[in-house]
Amino acid sequence: MHAISRVPKLSLRSALRASAVSGTRAAARRSNVVAVRTLSSASAQSDRDTITRLLYSIGTKREVERYLRIFSSSSDASHPAKFAVIKVGGAVLDQVEELATNLSFLYRVGLYPVVLHGAGPQLNSIIESAGVIPDYIDGIRVTDAKTLQIARRVFLDENLKLVAALEKLGTRARPITSGVFSADYLDKDKYGLVGKITKVDKRPIEASIRAGALPILTSLAESDAGQILNVNADIAAGELAKELEPLKIVFLNDKGGMFHGVTGEKLDVINLDEEYDDLMKQSWVKYGTKLKLREFKELLDHLPRSSSVAVISVDSLQRELFTDSGAGTLIRRGYKLFRHKTIDSVGADRLRQVINDRDPDVLSGEESVTGVLNALKETPYTIYGDEPLDVVAIVSHPEGEVPILTKLLASRNGVMNGIVDNVFNAIKKDHRRLFWTARADDENRAWHFERADGSFTRAGKSLFWYGVQDVKEVEKIIQGIEEKGRIPRTYLPVGPSAPPHKAANAASGVRSYSTWANRRVPGSTRGYATAAPSTEQKRLALIGARGFTGQTLTTLLSEHPYLNLTHVSSRQLAGYPLTTYTKAPVTFSDLSVQDVERMEKDGEVDAWVMALPNGVCKPFVDAVDRGTAERKDGKGSVIVDLSADYRFEDGWTYGLPELYGRDAIRTSKRISNPGCYATSSQLLVAPLLKHIKPEAWPTVFGVSGYSGAGTVTGPTDPDGRPTTVPKVTAESLHGAIRPYALTDHIHEREAGRHLSRLLPPSAGVSGVKLAFVPSVAPWFSGIISVLSMPLNGKVAARDVRALYEERYAGEKLVRIKNEVPTLPDIENQHGWTVGGFQVHSEGDRAVVVGGLDNLLKGAATQCLQNLNLALGYDEFAGIPVA
């Protein structure tokens with residue numbers, strides 16, 4: 001995905017610069033007004049064609065052309081500023097070339113966004129150097145005369161920098177630093193020279209666009225008495241949007257979206273009418289997130305329903321605007337969806353009008369509105385849609401038969417605002433499998449492919465389905481619904497009806513083909529921000545439960561609301577009850593490889609955890625693989641391996657969610673759980689990778705409690721039950737620490753291998769090497785890791801801490817503190833703690849301290865995170881999270 005987005009960006013920059021040079025040279029050759037106009041028009045059209053072709057690499061051609069058409073038609077001579085308001089955060093202004101490139105891109109395709117920027121970070125930097133400490137009350141900057149004087153200069157400087165960067169690319173831009181916003185004092189005694197906007201004058205903006213220049217605004221306002229007042233840029237952008245009523249309101253920030261407070265994942269889309277009340281009740285929605293949501297709702301409540309807000313990073317602007325999938329977080333009002341069982345519940349006249357205006361079969365004369373409505377009465381059906389009927393879907397579902405989506409009729413608003421996706425998601429919640437058809441020339445054909453498990457095209461129509469994987473079953477279903485006249489008799493046999501060279505000469509002129517993979521095509525779309533995780537009860541088998549990690553995991557599983565431990569295997573403890581699991585009685589067994597294969601074949605469990613020593617679990621994994629191959633349902637269980645055996649295997653997913661993402665784990669059946677030292681080491685090093693010094697590798701000194709050294713079988717209990725004791729005891733350490741495996745520790749290679757995936761291209765190195773020295777200490781559990789990392793330039797300690805705050809923002813199991821973490825911060829805690837941020841006096845070496853409990857975040861807790869993600873649960877189900 002990054003490769004795809006990077007290619008057009010580089011090409012775009014080159015194209016813009018070439019165009020700017022070409023335009024300058026052409027202007028020098030022009031000799032009269034007619035020639036100027038002719039050359040200018042031809043050049044503009046050439047630019048537009050070039051940039052449009054570049055867009056095709058980030059989305060489908062039809063997507064791109066559809067959005068260009070919609071955006072271009074949003075404005076006219078009398079209302080030229082209806083396309084977009086783009087609010088640029090101060091942090092984004094540090095990427096002024098990237099910003100200018102993306103804005104120039106819009107300019108070259110004939111779109112004129114209204115750009116308004118802040119300058120908070122730049123202002124803070126300057127006033128701090130001037131000896132003024134920034135003061136905030138209720139999140140509002142207190143502004144005195146000196147601060148305002150500096151702010152005016154900073155705003156003007158940043159505004160002119162952006163205008164200059166645009167002009168350098170041949171894009172006309174006009175700085176507008178006053179005359180747009182009128183304001184009263186917000187509260188003079190409390191906030192000083194801070195304004196509350198009372199009026200927006202859009203005339204300077206519209207004049208700029210009519211003159212062919214992008215308007216570049218600051219958020220300074222004026223009182224009736226002529227006093228300059230400071231206004232929060234987000235608020236100014238909102239007031240500007242209320243006045244202009246644009247299609248898009250874009251907030252550019254350096255994070256690239258809004259993020260779920262529990263999972264840490266980016267929210268793709270928020271449908272306020274459907275989700276706002278529930279979202280505001282979520283425990284993770286608080287402080288800044290709650291304020292933003294409230295502001296966005298208040299803003300969109302004042303705008304037409306066609307307007308939407310997007311929160312994205314600057315390098316994703318094109319993908320957000322011109323693809324269905326978007327790039328950041330989309331916030332829109334939407335409508336609450338309905339499900340009705342009768343035409344009257346929808347309104348017969350309204351439904352007739354929708355069918356008459358949108359149904360392609362009616363528009364082509366193949367069907368009539370009356371015929372469509374009469375056909376509905378032949379089987380039970382459900383009509384899905386939204387209140388204004390921007391999308392109407394009809395599903396026929398006779399009892400005992402496969403449901404068929406007979407109509408999916410969407411307006412332009414329905415497609416553009418994603419309502420069609422919401423309706424389809426509602427259908428999927430009601431129907432595990434579904435068949436539907438679409439014309440082969442449907443302009444939204446990619447949308448159908450994206451949502452189907454399989455498809456088949458013949459005679460100008462495509463048949464799609466999801467929820468059925470076996471081709472023979474598909475053929476049987478199609479035969480049944482054809483015999484009953486529920487779809488046209490054109491789809492059997494399933495598969496090409498003639499070789500391609502013959503099909504090309506068929507009367508229909510359309511080649512038959514079938515697909516079975518669920519294609520990932522440009523245009524994959526967003527789902528709900530509050531999509532509910534699974535609550536289905538599932539079964540788990542644990543192999544190797546005698547050690548400390550196995551005991552810790554079974555204790556955690558006792559509190560899991562949905563995952564049930566049904567089998568636990570230990571050769572030494574076979575026949576004894578498992579005492580650390582309290583949800584239900586479980587007895588230890590001694591599962592053989594043959595037992596595991598049979599259990600997998602019969603589908604007795606949904607997941608396996610291998611808690612075995614290194615080098616031991618492969619026969620059991622192979623047995624699961626063989627059992628999966630023999631399963632009749634085509635499914636297979638999830639395996640999480642706690643050993644090091646598969647941490648270097650490309651076919652396995654490395655399960656460290658905070659660094660390598662959740663999506664791969666959610667779709668994986670084979671997950672390698674990271675090592676305890678390796679987890680802490682990678683979490684320590686990752687935020688500093690962009691500052692890595694070539695050939696001067698970071699060093700981690702790690703100290704672990706003695707439980708990390710493993711266990712051995714101890715003396716038997718009075719009832720004959722074998723006991724487990726630590727391999728290294730506190731007494732044997734004599735109150736000191738004992739270094740071991742001084743070179744080539746397996747966690748050294750593990751951390752280096754996976755951190756290399758995170759290296760930025762600018763790092764100038766091809767991989768990461770890590771020097772790691774472990775020691776064992778006389779406490780039971782808990783790892784303290786000290787990172788010493790040479791840097792490629794001078795960095796301040798506060799900047800180092802900021803890198804960790806940015807990297808782990810929203811991570812539920814990461815805690816950042818100023819002080820050096822100590823054992824009480826780590827032992828018996830489910831997360832990772834980092835602190836003690838220091839930089840050498842010469843500014844070229846950072847030292848940071850991190851820690852975790854080796855039995856929890858270093859093993860069992862992380863295993864449960866991976867199980868939850870792979871099984872569709874909330875990532876933190878069963879994990880006590882503060």
# chains A, B, ... in the order shown; residues from 1 in each chain; ligands from 1

call {"tool": "residues_around", "arguments": {"residues": "segment 122-127 of chain A", "least_positions_apart": "4", "cutoff": "9 Å", "atoms": "only C-alpha atoms", "output": "list in words"}}
result
Gly90, Ala91, Leu93, Asp94, Gly131, Val132, Ile133, Pro134, Lys146, Thr147, Ile150, Ala151, Val154, Phe155 and Glu158 of chain A

call {"tool": "select_by_dssp", "arguments": {"residues": "segment 293-496 of chain A", "states": "alpha helix (DSSP H)", "output": "PyMOL selection string"}}
result
chain A and resi 293-301+317-322+343-346+348-358+360-363+369-376+412-416+419-430+445-451+471-483

call {"tool": "residues_around", "arguments": {"residues": "segment 563-579 of chain A", "least_positions_apart": "3", "cutoff": "10 Å", "atoms": "only C-alpha atoms", "output": "PyMOL selection string"}}
result
chain A and resi 535-547+550-551+554-555+557-560+582-592+604-612+713+720-723+864+867-868+871+873+877-878

call {"tool": "closest_atom_pairs", "arguments": {"of": "segment 551-662 of chain A", "to": "segment 466-473 of chain A", "cutoff": "12 Å", "atoms": "only C-alpha atoms", "output": "Markdown table"}}
result
| residue | atom | partner | partner_atom | distance |
| --- | --- | --- | --- | --- |
| A:Lys632 | CA | A:Asp470 | CA | 10.5 |
| A:Asp633 | CA | A:Gln469 | CA | 9.5 |
| A:Gly634 | CA | A:Gln469 | CA | 8.3 |
| A:Lys635 | CA | A:Gln469 | CA | 10.5 |

call {"tool": "write_last_selection", "arguments": {"atoms": "N, CA, C and O atoms", "output": "compact mmCIF listing (two decimals), in the first residue's frame"}}
result
# COMPACT_ATOMS: atom_id res chain seq x y z
N LYS A 632 -14.01 -31.09 6.71
CA LYS A 632 -15.04 -30.96 5.68
C LYS A 632 -15.58 -29.55 5.57
O LYS A 632 -16.12 -29.15 4.54
N ASP A 633 -15.47 -28.77 6.67
CA ASP A 633 -16.04 -27.42 6.64
C ASP A 633 -15.09 -26.40 6.01
O ASP A 633 -15.42 -25.22 5.88
N GLY A 634 -13.88 -26.84 5.63
CA GLY A 634 -12.94 -25.94 4.99
C GLY A 634 -12.31 -24.93 5.93
O GLY A 634 -11.54 -24.07 5.51
N LYS A 635 -12.60 -25.03 7.22
CA LYS A 635 -12.05 -24.09 8.18
C LYS A 635 -10.80 -24.69 8.82
O LYS A 635 -10.45 -25.83 8.59

call {"tool": "select_by_dssp", "arguments": {"residues": "segment 660-832 of chain A", "states": "strand (DSSP E)", "output": "JSON, numbers by chain"}}
result
{"A": [670, 671, 672, 699, 700, 701, 702, 703, 704, 705, 711, 712, 713, 714, 715, 716, 722, 723, 724, 725, 726, 738, 739, 771, 772, 773, 774, 775, 776, 777, 783, 784, 785, 786, 787, 788, 789, 790, 814, 815, 816, 832]}

call {"tool": "residues_around", "arguments": {"residues": "segment 429-442 of chain A", "least_positions_apart": "4", "cutoff": "6 Å", "atoms": "only C-alpha atoms", "output": "number ranges by chain"}}
result
A: 403-405, 460-467

call {"tool": "closest_residue", "arguments": {"among": "A:Val231, A:Cys617, A:Ala629, A:Ile783", "to": "Pro824 of chain A", "atoms": "only C-alpha atoms"}}
result
A:Ile783

call {"tool": "residues_around", "arguments": {"residues": "Phe548 of chain A", "least_positions_apart": "4", "cutoff": "8 Å", "atoms": "only C-alpha atoms", "output": "VMD selection string"}}
result
chain A and resid 552 707 710 to 711 855

call {"tool": "residues_around", "arguments": {"residues": "Val391 of chain A", "least_positions_apart": "2", "cutoff": "6 Å", "atoms": "only C-alpha atoms", "output": "list in words"}}
result
Gly385, Leu389, Leu409, Ala410, Gly414 and Val420 of chain A

call {"tool": "atom_distance", "arguments": {"atom1": "atom CA of Leu330 of chain A", "atom2": "atom CA of Ala310 of chain A"}}
result
4.5 Å
